[in-house]
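Data from structure14.tsv: TSV, C-alpha atoms
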chain	number	residue	atom	x	y	z
V	1	MET	CA	8.17	25.53	-26.80
V	2	ALA	CA	7.49	21.87	-27.52
V	3	ALA	CA	5.32	19.64	-25.39
V	4	ILE	CA	4.71	15.91	-25.31
V	5	ALA	CA	1.39	14.90	-26.82
V	6	ALA	CA	-0.81	13.16	-24.26
V	7	GLY	CA	-0.09	9.45	-24.06
V	8	THR	CA	2.75	9.49	-26.60
V	9	GLY	CA	6.46	10.10	-26.77
V	10	VAL	CA	6.22	12.25	-29.88
V	11	PRO	CA	6.62	16.00	-29.28
V	12	ALA	CA	4.86	18.57	-31.41
V	13	GLY	CA	6.82	18.65	-34.64
V	14	GLY	CA	7.15	14.89	-34.97
V	15	SER	CA	10.74	14.28	-33.81
V	16	THR	CA	11.32	11.20	-31.63
V	17	TYR	CA	13.95	10.04	-29.16
V	18	THR	CA	17.41	9.05	-30.36
V	19	HIS	CA	18.08	6.68	-27.44
V	20	GLU	CA	15.97	4.09	-25.65
V	21	TYR	CA	17.00	2.06	-22.60
V	22	THR	CA	14.95	-0.88	-21.35
V	23	ILE	CA	14.86	-1.34	-17.58
V	24	THR	CA	14.09	-4.89	-16.43
V	25	LEU	CA	13.23	-5.17	-12.74
V	26	GLY	CA	14.49	-7.71	-10.24
V	27	ASN	CA	13.23	-11.08	-9.10
V	28	SER	CA	10.57	-12.08	-6.56
V	29	GLY	CA	13.14	-12.11	-3.78
V	30	GLN	CA	13.61	-8.37	-4.30
V	31	ILE	CA	10.01	-7.56	-5.29
V	32	PRO	CA	7.98	-10.08	-3.27
V	33	SER	CA	4.56	-8.87	-4.45
V	34	THR	CA	3.05	-6.40	-6.88
V	35	GLN	CA	2.87	-2.85	-5.51
V	36	THR	CA	0.76	0.09	-6.65
V	37	ASN	CA	2.34	3.49	-7.34
V	38	TYR	CA	5.73	2.51	-6.02
V	39	PRO	CA	8.62	5.04	-6.19
V	40	VAL	CA	11.54	3.27	-7.89
V	41	LEU	CA	15.10	4.54	-7.75
V	42	VAL	CA	16.52	4.81	-11.27
V	43	CYS	CA	20.14	5.89	-11.32
V	44	ALA	CA	22.92	5.82	-13.89
V	45	ASN	CA	26.61	6.65	-14.22
V	46	LEU	CA	26.81	7.05	-10.45
V	47	THR	CA	28.22	5.09	-7.53
V	48	LEU	CA	25.92	5.30	-4.54
V	49	GLY	CA	27.16	6.25	-1.10
V	50	ASN	CA	26.99	2.60	-0.08
V	51	GLY	CA	29.52	1.74	-2.79
V	52	ASN	CA	27.00	0.11	-5.13
V	53	ALA	CA	27.28	1.13	-8.77
V	54	CYS	CA	24.34	2.24	-10.86
V	55	ALA	CA	24.04	1.27	-14.51
V	56	THR	CA	26.42	2.70	-17.08
V	57	ALA	CA	24.46	4.51	-19.79
V	58	THR	CA	26.73	6.76	-21.85
V	59	GLY	CA	23.81	8.00	-23.94
V	60	LEU	CA	22.55	9.88	-20.89
V	61	LYS	CA	25.49	12.29	-21.07
V	62	ALA	CA	24.91	15.72	-22.61
V	63	THR	CA	25.47	16.01	-26.34
V	64	GLY	CA	28.60	18.07	-25.75
V	65	SER	CA	30.07	15.20	-23.73
V	66	GLY	CA	29.35	12.46	-26.21
V	67	GLY	CA	25.79	11.59	-25.20
V	68	ALA	CA	22.30	12.27	-26.49
V	69	VAL	CA	20.75	14.60	-23.90
V	70	THR	CA	20.09	18.05	-25.31
V	71	SER	CA	18.68	19.76	-22.20
V	72	SER	CA	21.08	20.89	-19.48
V	73	SER	CA	18.35	20.02	-16.96
V	74	ALA	CA	17.77	16.59	-18.54
V	75	TYR	CA	14.24	17.52	-19.54
V	76	ASP	CA	14.57	15.20	-22.53
V	77	VAL	CA	15.32	12.24	-20.25
V	78	VAL	CA	11.86	10.79	-19.70
V	79	PHE	CA	10.49	7.59	-18.21
V	80	SER	CA	7.80	5.53	-19.87
V	81	SER	CA	5.80	2.37	-19.18
V	82	THR	CA	5.89	1.55	-22.90
V	83	ALA	CA	8.55	1.63	-25.61
V	84	CYS	CA	9.70	5.11	-26.61
V	85	ALA	CA	8.24	5.00	-30.11
V	86	SER	CA	4.80	5.35	-28.48
V	87	ALA	CA	5.72	6.33	-24.95
V	88	THR	CA	3.28	6.47	-22.06
V	89	LEU	CA	4.95	8.85	-19.67
V	90	LEU	CA	5.17	8.09	-15.96
V	91	ASN	CA	5.57	10.57	-13.10
V	92	TRP	CA	9.06	11.09	-11.72
V	93	GLU	CA	11.36	13.34	-9.71
V	94	MET	CA	14.78	14.13	-11.16
V	95	VAL	CA	16.81	14.69	-7.99
V	96	SER	CA	20.14	15.31	-9.71
V	97	TYR	CA	21.72	15.24	-13.15
V	98	VAL	CA	25.26	16.04	-14.32
V	99	GLY	CA	25.50	16.43	-18.09
V	100	SER	CA	29.25	15.92	-18.38
V	101	THR	CA	29.09	12.43	-16.85
V	102	GLY	CA	25.42	11.51	-17.26
V	103	ALA	CA	25.23	10.91	-13.50
V	104	MET	CA	21.53	10.75	-12.69
V	105	GLU	CA	19.33	10.08	-9.65
V	106	ALA	CA	15.62	9.86	-10.36
V	107	TRP	CA	12.62	8.44	-8.49
V	108	VAL	CA	9.95	7.09	-10.82
V	109	LYS	CA	6.40	6.24	-9.70
V	110	VAL	CA	5.55	2.88	-11.27
V	111	PRO	CA	1.77	2.28	-11.32
V	112	SER	CA	2.14	-1.50	-10.99
V	113	LEU	CA	5.54	-2.68	-9.81
V	114	ALA	CA	6.11	-6.41	-10.26
V	115	ALA	CA	9.09	-8.76	-10.36
V	116	GLY	CA	10.49	-8.99	-13.87
V	117	GLY	CA	8.52	-5.97	-15.08
V	118	SER	CA	9.84	-3.39	-17.51
V	119	LEU	CA	9.95	0.35	-18.01
V	120	TYR	CA	11.89	2.58	-20.37
V	121	ILE	CA	14.23	5.55	-20.38
V	122	CYS	CA	13.81	7.70	-23.50
V	123	ALA	CA	16.45	10.34	-24.23
V	124	GLY	CA	17.67	12.69	-26.92
V	125	ASN	CA	14.90	14.96	-28.18
V	126	SER	CA	15.77	18.59	-28.80
V	127	LEU	CA	12.12	19.63	-28.98
V	128	ILE	CA	11.60	18.89	-25.27
V	129	THR	CA	12.49	22.00	-23.28
V	130	THR	CA	10.31	21.63	-20.16
V	131	PHE	CA	10.05	19.02	-17.42
V	132	GLN	CA	7.74	16.16	-18.41
V	133	GLY	CA	7.56	14.20	-15.12
V	134	GLY	CA	4.43	15.75	-13.64
V	135	ALA	CA	3.70	18.33	-10.96
V	136	THR	CA	5.86	18.73	-7.86
V	137	GLY	CA	5.43	15.67	-5.68
V	138	ALA	CA	3.88	13.53	-8.44
V	139	ALA	CA	6.46	10.78	-7.92
V	140	TRP	CA	5.14	10.10	-4.41
V	141	ASP	CA	1.75	8.62	-3.55
V	142	SER	CA	-0.73	10.58	-1.42
V	143	ASN	CA	0.15	8.59	1.73
V	144	TYR	CA	3.59	10.21	1.92
V	145	VAL	CA	3.59	13.07	4.41
V	146	SER	CA	7.19	14.00	3.62
V	147	VAL	CA	10.23	12.68	1.74
V	148	TYR	CA	13.77	14.02	2.25
V	149	HIS	CA	16.73	13.24	-0.03
V	150	PHE	CA	19.01	15.85	1.65
V	151	GLY	CA	20.87	16.77	-1.54
V	152	GLY	CA	24.25	15.91	-2.98
V	153	SER	CA	27.14	18.38	-2.97
V	154	SER	CA	25.14	20.81	-0.81
V	155	LEU	CA	22.56	20.13	1.90
V	156	SER	CA	18.90	20.36	0.91
V	157	PRO	CA	16.34	20.30	3.74
V	158	ASN	CA	13.40	20.35	1.31
V	159	ASP	CA	10.47	17.95	1.20
V	160	SER	CA	9.94	16.29	-2.19
V	161	THR	CA	6.18	15.80	-1.77
V	162	ALA	CA	3.55	18.32	-2.74
V	163	ASN	CA	3.11	19.09	0.97
V	164	ALA	CA	6.39	21.06	0.95
V	165	TYR	CA	7.11	20.32	4.61
V	166	ASN	CA	10.64	21.67	4.41
V	167	LEU	CA	13.01	21.36	7.35
V	168	SER	CA	15.05	24.07	9.06
V	169	PRO	CA	18.63	23.43	10.20
V	170	THR	CA	19.85	24.19	13.71
V	171	SER	CA	23.57	24.44	14.61
V	172	SER	CA	24.81	23.71	11.11
V	173	PRO	CA	24.13	20.10	10.14
V	174	THR	CA	26.23	19.33	7.08
V	175	THR	CA	26.01	17.39	3.84
V	176	ALA	CA	27.71	13.99	3.83
V	177	THR	CA	27.98	10.87	1.72
V	178	GLY	CA	24.57	9.23	1.87
V	179	GLN	CA	23.19	5.78	1.21
V	180	VAL	CA	21.88	6.90	-2.17
V	181	ASN	CA	23.58	10.20	-2.93
V	182	GLY	CA	23.95	12.97	-0.35
V	183	GLY	CA	22.79	12.63	3.26
V	184	VAL	CA	22.70	14.92	6.30
V	185	ALA	CA	25.30	14.61	9.06
V	186	THR	CA	24.57	15.75	12.62
V	187	ASN	CA	27.15	16.04	15.37
V	188	GLY	CA	25.58	14.11	18.26
V	189	SER	CA	25.00	17.15	20.43
V	190	SER	CA	23.54	20.36	19.03
V	191	SER	CA	22.83	20.03	15.30
V	192	TYR	CA	19.55	18.78	13.82
V	193	LEU	CA	16.82	19.54	11.29
V	194	SER	CA	13.22	20.23	12.21
V	195	GLY	CA	9.93	21.18	10.59
V	196	THR	CA	6.32	21.81	11.51
V	197	PRO	CA	3.82	19.96	9.31
V	198	SER	CA	0.23	19.85	10.56
V	199	GLY	CA	-2.22	17.01	11.10
V	200	THR	CA	-2.41	13.86	13.19
V	201	PRO	CA	-2.24	10.56	11.29
V	202	GLY	CA	-4.31	7.53	12.24
V	203	ALA	CA	-1.39	5.34	11.18
V	204	ILE	CA	2.27	6.01	10.41
V	205	THR	CA	5.45	4.71	8.87
V	206	LEU	CA	8.80	6.21	9.79
V	207	GLU	CA	11.77	5.08	7.73
V	208	ALA	CA	15.32	6.21	7.09
V	209	TRP	CA	18.75	5.01	6.10
V	210	VAL	CA	21.01	5.54	9.11
V	211	TYR	CA	24.79	5.49	9.53
V	212	THR	CA	25.91	5.62	13.18
V	213	VAL	CA	29.40	6.85	14.05
V	214	GLY	CA	31.31	5.66	17.09
V	215	THR	CA	29.88	4.06	20.23
V	216	SER	CA	27.90	6.89	21.82
V	217	TYR	CA	24.33	5.61	21.85
V	218	ASP	CA	20.89	6.71	23.08
V	219	GLN	CA	20.47	8.72	19.90
V	220	GLU	CA	17.47	9.56	17.70
V	221	PRO	CA	18.08	9.89	13.94
V	222	LEU	CA	14.37	10.36	13.11
V	223	ALA	CA	11.28	11.23	15.15
V	224	ILE	CA	7.93	12.97	14.92
V	225	ALA	CA	6.62	15.06	17.76
V	226	THR	CA	4.01	17.52	18.93
V	227	GLY	CA	4.66	21.19	19.48
V	228	GLY	CA	8.14	22.55	18.97
V	229	GLY	CA	11.20	23.72	20.87
V	230	SER	CA	10.98	23.45	24.65
V	231	THR	CA	7.36	22.23	24.57
V	232	THR	CA	8.02	19.26	22.30
V	233	ASP	CA	6.83	15.76	23.24
V	234	THR	CA	7.80	12.87	20.98
V	235	LEU	CA	5.06	10.83	19.35
V	236	ALA	CA	7.11	8.20	17.57
V	237	GLY	CA	10.68	7.62	16.61
V	238	LEU	CA	13.73	5.50	15.98
V	239	ARG	CA	16.02	5.62	19.03
V	240	ILE	CA	19.38	3.84	18.83
V	241	THR	CA	20.21	2.60	22.34
V	242	GLY	CA	23.26	0.43	21.64
V	243	ALA	CA	25.43	-1.10	18.94
V	244	THR	CA	22.75	-3.74	18.30
V	245	THR	CA	19.61	-2.36	19.97
V	246	VAL	CA	16.95	0.08	18.78
V	247	ASP	CA	13.81	1.43	20.44
V	248	PHE	CA	11.14	1.64	17.76
V	249	TYR	CA	8.70	3.60	19.88
V	250	MET	CA	5.30	5.23	19.79
V	251	TYR	CA	4.77	7.73	22.58
V	252	SER	CA	5.59	5.86	25.82
V	253	ASP	CA	5.41	2.38	24.24
V	254	ASP	CA	8.93	1.22	23.45
V	255	LEU	CA	9.45	-1.71	21.12
V	256	THR	CA	13.08	-2.47	21.99
V	257	GLU	CA	14.65	-4.92	19.58
V	258	THR	CA	18.00	-6.51	18.93
V	259	VAL	CA	19.28	-5.73	15.43
V	260	SER	CA	22.40	-6.30	13.36
V	261	SER	CA	25.29	-4.00	14.22
V	262	LEU	CA	24.62	-0.35	13.47
V	263	THR	CA	28.11	1.03	14.05
V	264	ASN	CA	29.91	2.51	11.04
V	265	THR	CA	27.53	0.88	8.56
V	266	TRP	CA	24.32	1.75	6.75
V	267	SER	CA	21.02	0.28	8.00
V	268	HIS	CA	17.49	0.86	6.81
V	269	LEU	CA	15.31	1.29	9.93
V	270	ALA	CA	11.53	1.54	9.85
V	271	LEU	CA	8.58	1.57	12.24
V	272	THR	CA	5.00	1.02	11.17
V	273	VAL	CA	1.97	1.65	13.36
V	274	ASP	CA	-1.53	0.91	12.08
V	275	ALA	CA	-4.82	2.48	13.19
V	276	SER	CA	-5.19	-0.21	15.89
V	277	ARG	CA	-1.74	0.71	17.30
V	278	ASN	CA	-0.08	-2.49	16.11
V	279	GLN	CA	3.64	-1.73	15.86
V	280	ILE	CA	6.13	-3.55	13.62
V	281	ALA	CA	9.85	-2.79	13.61
V	282	TYR	CA	12.12	-3.40	10.62
V	283	GLN	CA	15.81	-3.44	9.83
V	284	ASN	CA	17.03	-3.83	6.25
V	285	GLY	CA	13.62	-4.85	4.94
V	286	ALA	CA	12.92	-7.59	7.50
V	287	SER	CA	10.75	-7.49	10.61
V	288	VAL	CA	12.68	-7.57	13.90
V	289	GLY	CA	9.71	-7.43	16.29
V	290	SER	CA	6.12	-6.40	16.90
V	291	ARG	CA	3.65	-5.48	19.66
V	292	THR	CA	0.40	-3.65	20.26
V	293	ALA	CA	0.87	-0.24	21.81
V	294	SER	CA	-1.40	1.60	24.24
V	295	GLY	CA	-0.23	5.15	23.53
V	296	VAL	CA	-2.45	7.67	21.78
V	297	TYR	CA	-1.36	10.40	19.38
V	298	THR	CA	-1.96	14.01	20.38
V	299	GLY	CA	-1.36	17.19	18.43
V	300	GLY	CA	0.29	17.57	15.06
V	301	ILE	CA	3.47	16.26	13.48
V	302	TRP	CA	6.75	18.01	14.12
V	303	THR	CA	9.50	16.24	12.19
V	304	ILE	CA	12.98	16.01	13.69
V	305	VAL	CA	16.05	14.56	11.94
V	306	GLY	CA	19.17	14.01	14.06
V	307	ALA	CA	17.57	15.23	17.30
V	308	GLY	CA	19.80	17.76	19.01
V	309	SER	CA	20.48	17.54	22.74
V	310	GLY	CA	17.53	18.91	24.71
V	311	THR	CA	15.17	18.95	21.73
V	312	PHE	CA	12.53	16.86	23.51
V	313	ASN	CA	10.74	17.02	26.83
V	314	TYR	CA	10.13	13.28	26.56
V	315	GLY	CA	13.04	11.06	25.52
V	316	TYR	CA	16.74	10.68	26.08
V	317	GLN	CA	17.42	14.18	24.77
V	318	LYS	CA	20.62	13.13	23.07
V	319	GLY	CA	21.57	14.03	19.54
V	320	PHE	CA	22.44	11.68	16.72
V	321	ASN	CA	26.09	11.32	15.73
V	322	GLY	CA	26.06	10.11	12.16
V	323	THR	CA	24.32	10.47	8.81
V	324	VAL	CA	20.66	10.13	7.79
V	325	ASP	CA	19.50	9.65	4.20
V	326	GLU	CA	16.13	9.12	2.47
V	327	ALA	CA	14.04	9.92	5.55
V	328	ARG	CA	10.32	9.41	4.90
V	329	ILE	CA	7.10	9.70	6.85
V	330	SER	CA	3.84	8.13	5.63
V	331	LYS	CA	0.32	8.38	7.03
V	332	THR	CA	-0.23	4.67	6.55
V	333	ALA	CA	1.39	1.50	7.85
V	334	ARG	CA	3.46	0.39	4.86
V	335	SER	CA	3.52	-3.36	4.24
V	336	ALA	CA	6.49	-5.61	4.88
V	337	ASN	CA	6.90	-6.13	1.14
V	338	TRP	CA	6.82	-2.39	0.46
V	339	LEU	CA	9.68	-1.84	2.91
V	340	ALA	CA	11.64	-4.86	1.63
V	341	ILE	CA	11.59	-3.42	-1.89
V	342	GLY	CA	12.84	-0.09	-0.52
V	343	TYR	CA	15.80	-1.88	1.02
V	344	HIS	CA	16.67	-4.04	-1.99
V	345	GLN	CA	16.49	-1.29	-4.60
V	346	CYS	CA	19.47	0.48	-3.04
V	347	THR	CA	21.59	-2.26	-4.63
V	348	PRO	CA	20.68	-1.19	-8.17
V	349	ALA	CA	23.00	-3.52	-10.07
V	350	SER	CA	21.02	-6.54	-8.86
V	351	PHE	CA	17.62	-4.84	-8.58
V	352	MET	CA	17.42	-3.87	-12.24
V	353	THR	CA	19.24	-4.17	-15.52
V	354	VAL	CA	19.46	-1.23	-17.92
V	355	ALA	CA	20.06	-2.18	-21.55
V	356	LEU	CA	20.43	0.09	-24.57
V	357	THR	CA	17.79	-0.73	-27.19
V	358	TYR	CA	18.91	1.87	-29.72

Starting from the coordinates I provided, produce the structure as structure tokens.
Amino acid sequence: MAAIAAGTGVPAGGSTYTHEYTITLGNSGQIPSTQTNYPVLVCANLTLGNGNACATATGLKATGSGGAVTSSSAYDVVFSSTACASATLLNWEMVSYVGSTGAMEAWVKVPSLAAGGSLYICAGNSLITTFQGGATGAAWDSNYVSVYHFGGSSLSPNDSTANAYNLSPTSSPTTATGQVNGGVATNGSSSYLSGTPSGTPGAITLEAWVYTVGTSYDQEPLAIATGGGSTTDTLAGLRITGATTVDFYMYSDDLTETVSSLTNTWSHLALTVDASRNQIAYQNGASVGSRTASGVYTGGIWTIVGAGSGTFNYGYQKGFNGTVDEARISKTARSANWLAIGYHQCTPASFMTVALTY
């Protein structure tokens, strides 16, 4: 079984890649400042749930469908910080791959992400028969508590970080078209996902892509809480209170802000709280308000997506009617630029170009 030699793109046996694609990243408006260990969405031959098309790269199809990829699991699709002839492999997560079309969703950890920077997709190497992207969770920096993609054609409640804080469904939440690929749909009353990670962070970031259906508000697409079941008290969350209002709250300190319309459209919502309890609320990569909170965290973290009616002791106790995608919790207050990049990269055609080198 072949393996990649450390620091190179040449497997044992000497064969190299048949295809190389150069990825050139977006401008300073999309990547305002250099970021360390940033997870970049790299997709191809796929239209995202928001209608934005990823790059067309026919070489990423399986060999039997006219492409170069020899592994049915796309093990010989690798990501490098240098050209494929002497590749320096990055860490990545391959969320989904379809050989017949080359449809691919991957998240690649870029050590130094900067406007106009480059990375490479190397493909077509029959000697690669195992995953080369690193250990489970290697695509996500150590500040991520949990990351949820929610799957594509079927619902996945699993955490992509090494923490493995997987969620459990209640009352049959379903898969739905997501902002990136698949999301999770909850019915506004009984269905939700929940999990029981441990630990109390000194700072947090909650973020998720949210699609709200209809005009029934006072809903919580994402929250963290103490305890579980009937003893649950919310610590922090994103509570939609109207068509253009959101409570970005920490414990009893509500940061209620006016936002762009949330109804029947995708929005990226985020709340950051630093160790001094300074709260900043974001919509679509831009700050919509800030304050200093007085609340104090207690207990551990109990993650709730699409809070079902009666889930909380504290809160409106109303479920979320809509779809959540790419929900993430970090144990640090992510910067404004970090969150802006996360918003912009979900328009891949303008965030990066993907060009065939050979």

One number please: atom CA of Gly202 of chain V to atom CA of Trp302 of chain V, in Å, one decimal. 15.4 Å

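Among the candidates V:Thr263, V:Asn284, V:Ser86, V:Gln219, the residue lying nearest to Gln30 of chain V is V:Asn284 (atoms considered: all atoms listed in the file).
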
Shortest interatomic distance to Pro348 of chain V - which of V:Val273, V:Ala336, V:Leu25, V:Val98, counting only C-alpha atoms: V:Leu25

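Neighbouring residues of segment 58-71 of chain V at 6 Å or closer, counting only C-alpha atoms and skipping chain neighbours under 3 positions away, are Ala74, Tyr75, Gly99, Ser100, Thr101, Gly102, Gly124 and Ser126 of chain V.
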
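Each of V:Leu167, V:Gln132, V:Tyr217, V:Tyr358 was checked against Ala85 of chain V using only C-alpha atoms; the smallest atom-to-atom distance is that of V:Tyr358.
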
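Separating atom CA of Asn50 of chain V from atom CA of Ser287 of chain V is a distance of 21.9 Å.
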
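Each of V:Thr136, V:Ser142, V:Thr22, V:Ser189 was compared to Thr82 of chain V using all atoms listed in the file, and V:Thr22 turns out to be the nearest.
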
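Residue neighbourhood of Thr36 of chain V, excluding near-sequence residues (fewer than 4 positions): Val40, Lys109, Val110, Pro111, Ser112, Leu113, Ala114, Trp140, Asp141, Ser142, Asn143, Arg334, Ser335, Asn337 and Trp338 of chain V, at 12 Å, using only C-alpha atoms.
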
Contacts of Ala293 of chain V at 7 Å or less, counting all atoms listed in the file, minus same-chain residues fewer than 5 places along, as an NGL selection string? :V and (253 or 277-279)

Suppose you want the space between atom CA of Asn264 of chain V and atom CA of Tyr211 of chain V; what is it in Å? 6.1 Å

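Ranking V:Leu89, V:Leu193, V:Leu271, V:Leu41 by their shortest atom-to-atom distance to Phe351 of chain V, with all atoms listed in the file included, puts V:Leu41 first.
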
Among V:Leu90, V:Leu262, V:Ala275, V:Ile204, Gly237 of chain V is approached most closely, using all atoms listed in the file, by V:Ile204

Spatial neighbours of Gly116 of chain V, max dist 7 Å, all atoms listed in the file, sep filter under 4 positions, as a VMD selection string: chain V and resid 24 to 27

Please write out, as JSON, where the centre of an axis-aligned box around all listed atoms of segment 277-289 of chain V lies and how long its edges are, in Å to one decimal, after adding 3 Å on each side.
{"center_x": 7.6, "center_y": -3.4, "center_z": 11.1, "size_x": 24.8, "size_y": 14.3, "size_z": 18.4}

When you look at Gly242 of chain V with a cut-off of 7 Å (counting only C-alpha atoms), what residues show up, excluding the ones that are within fewer than 2 positions of it in the same chain? I need them as a PyMOL selection string. chain V and resi 217-218+240+244-246
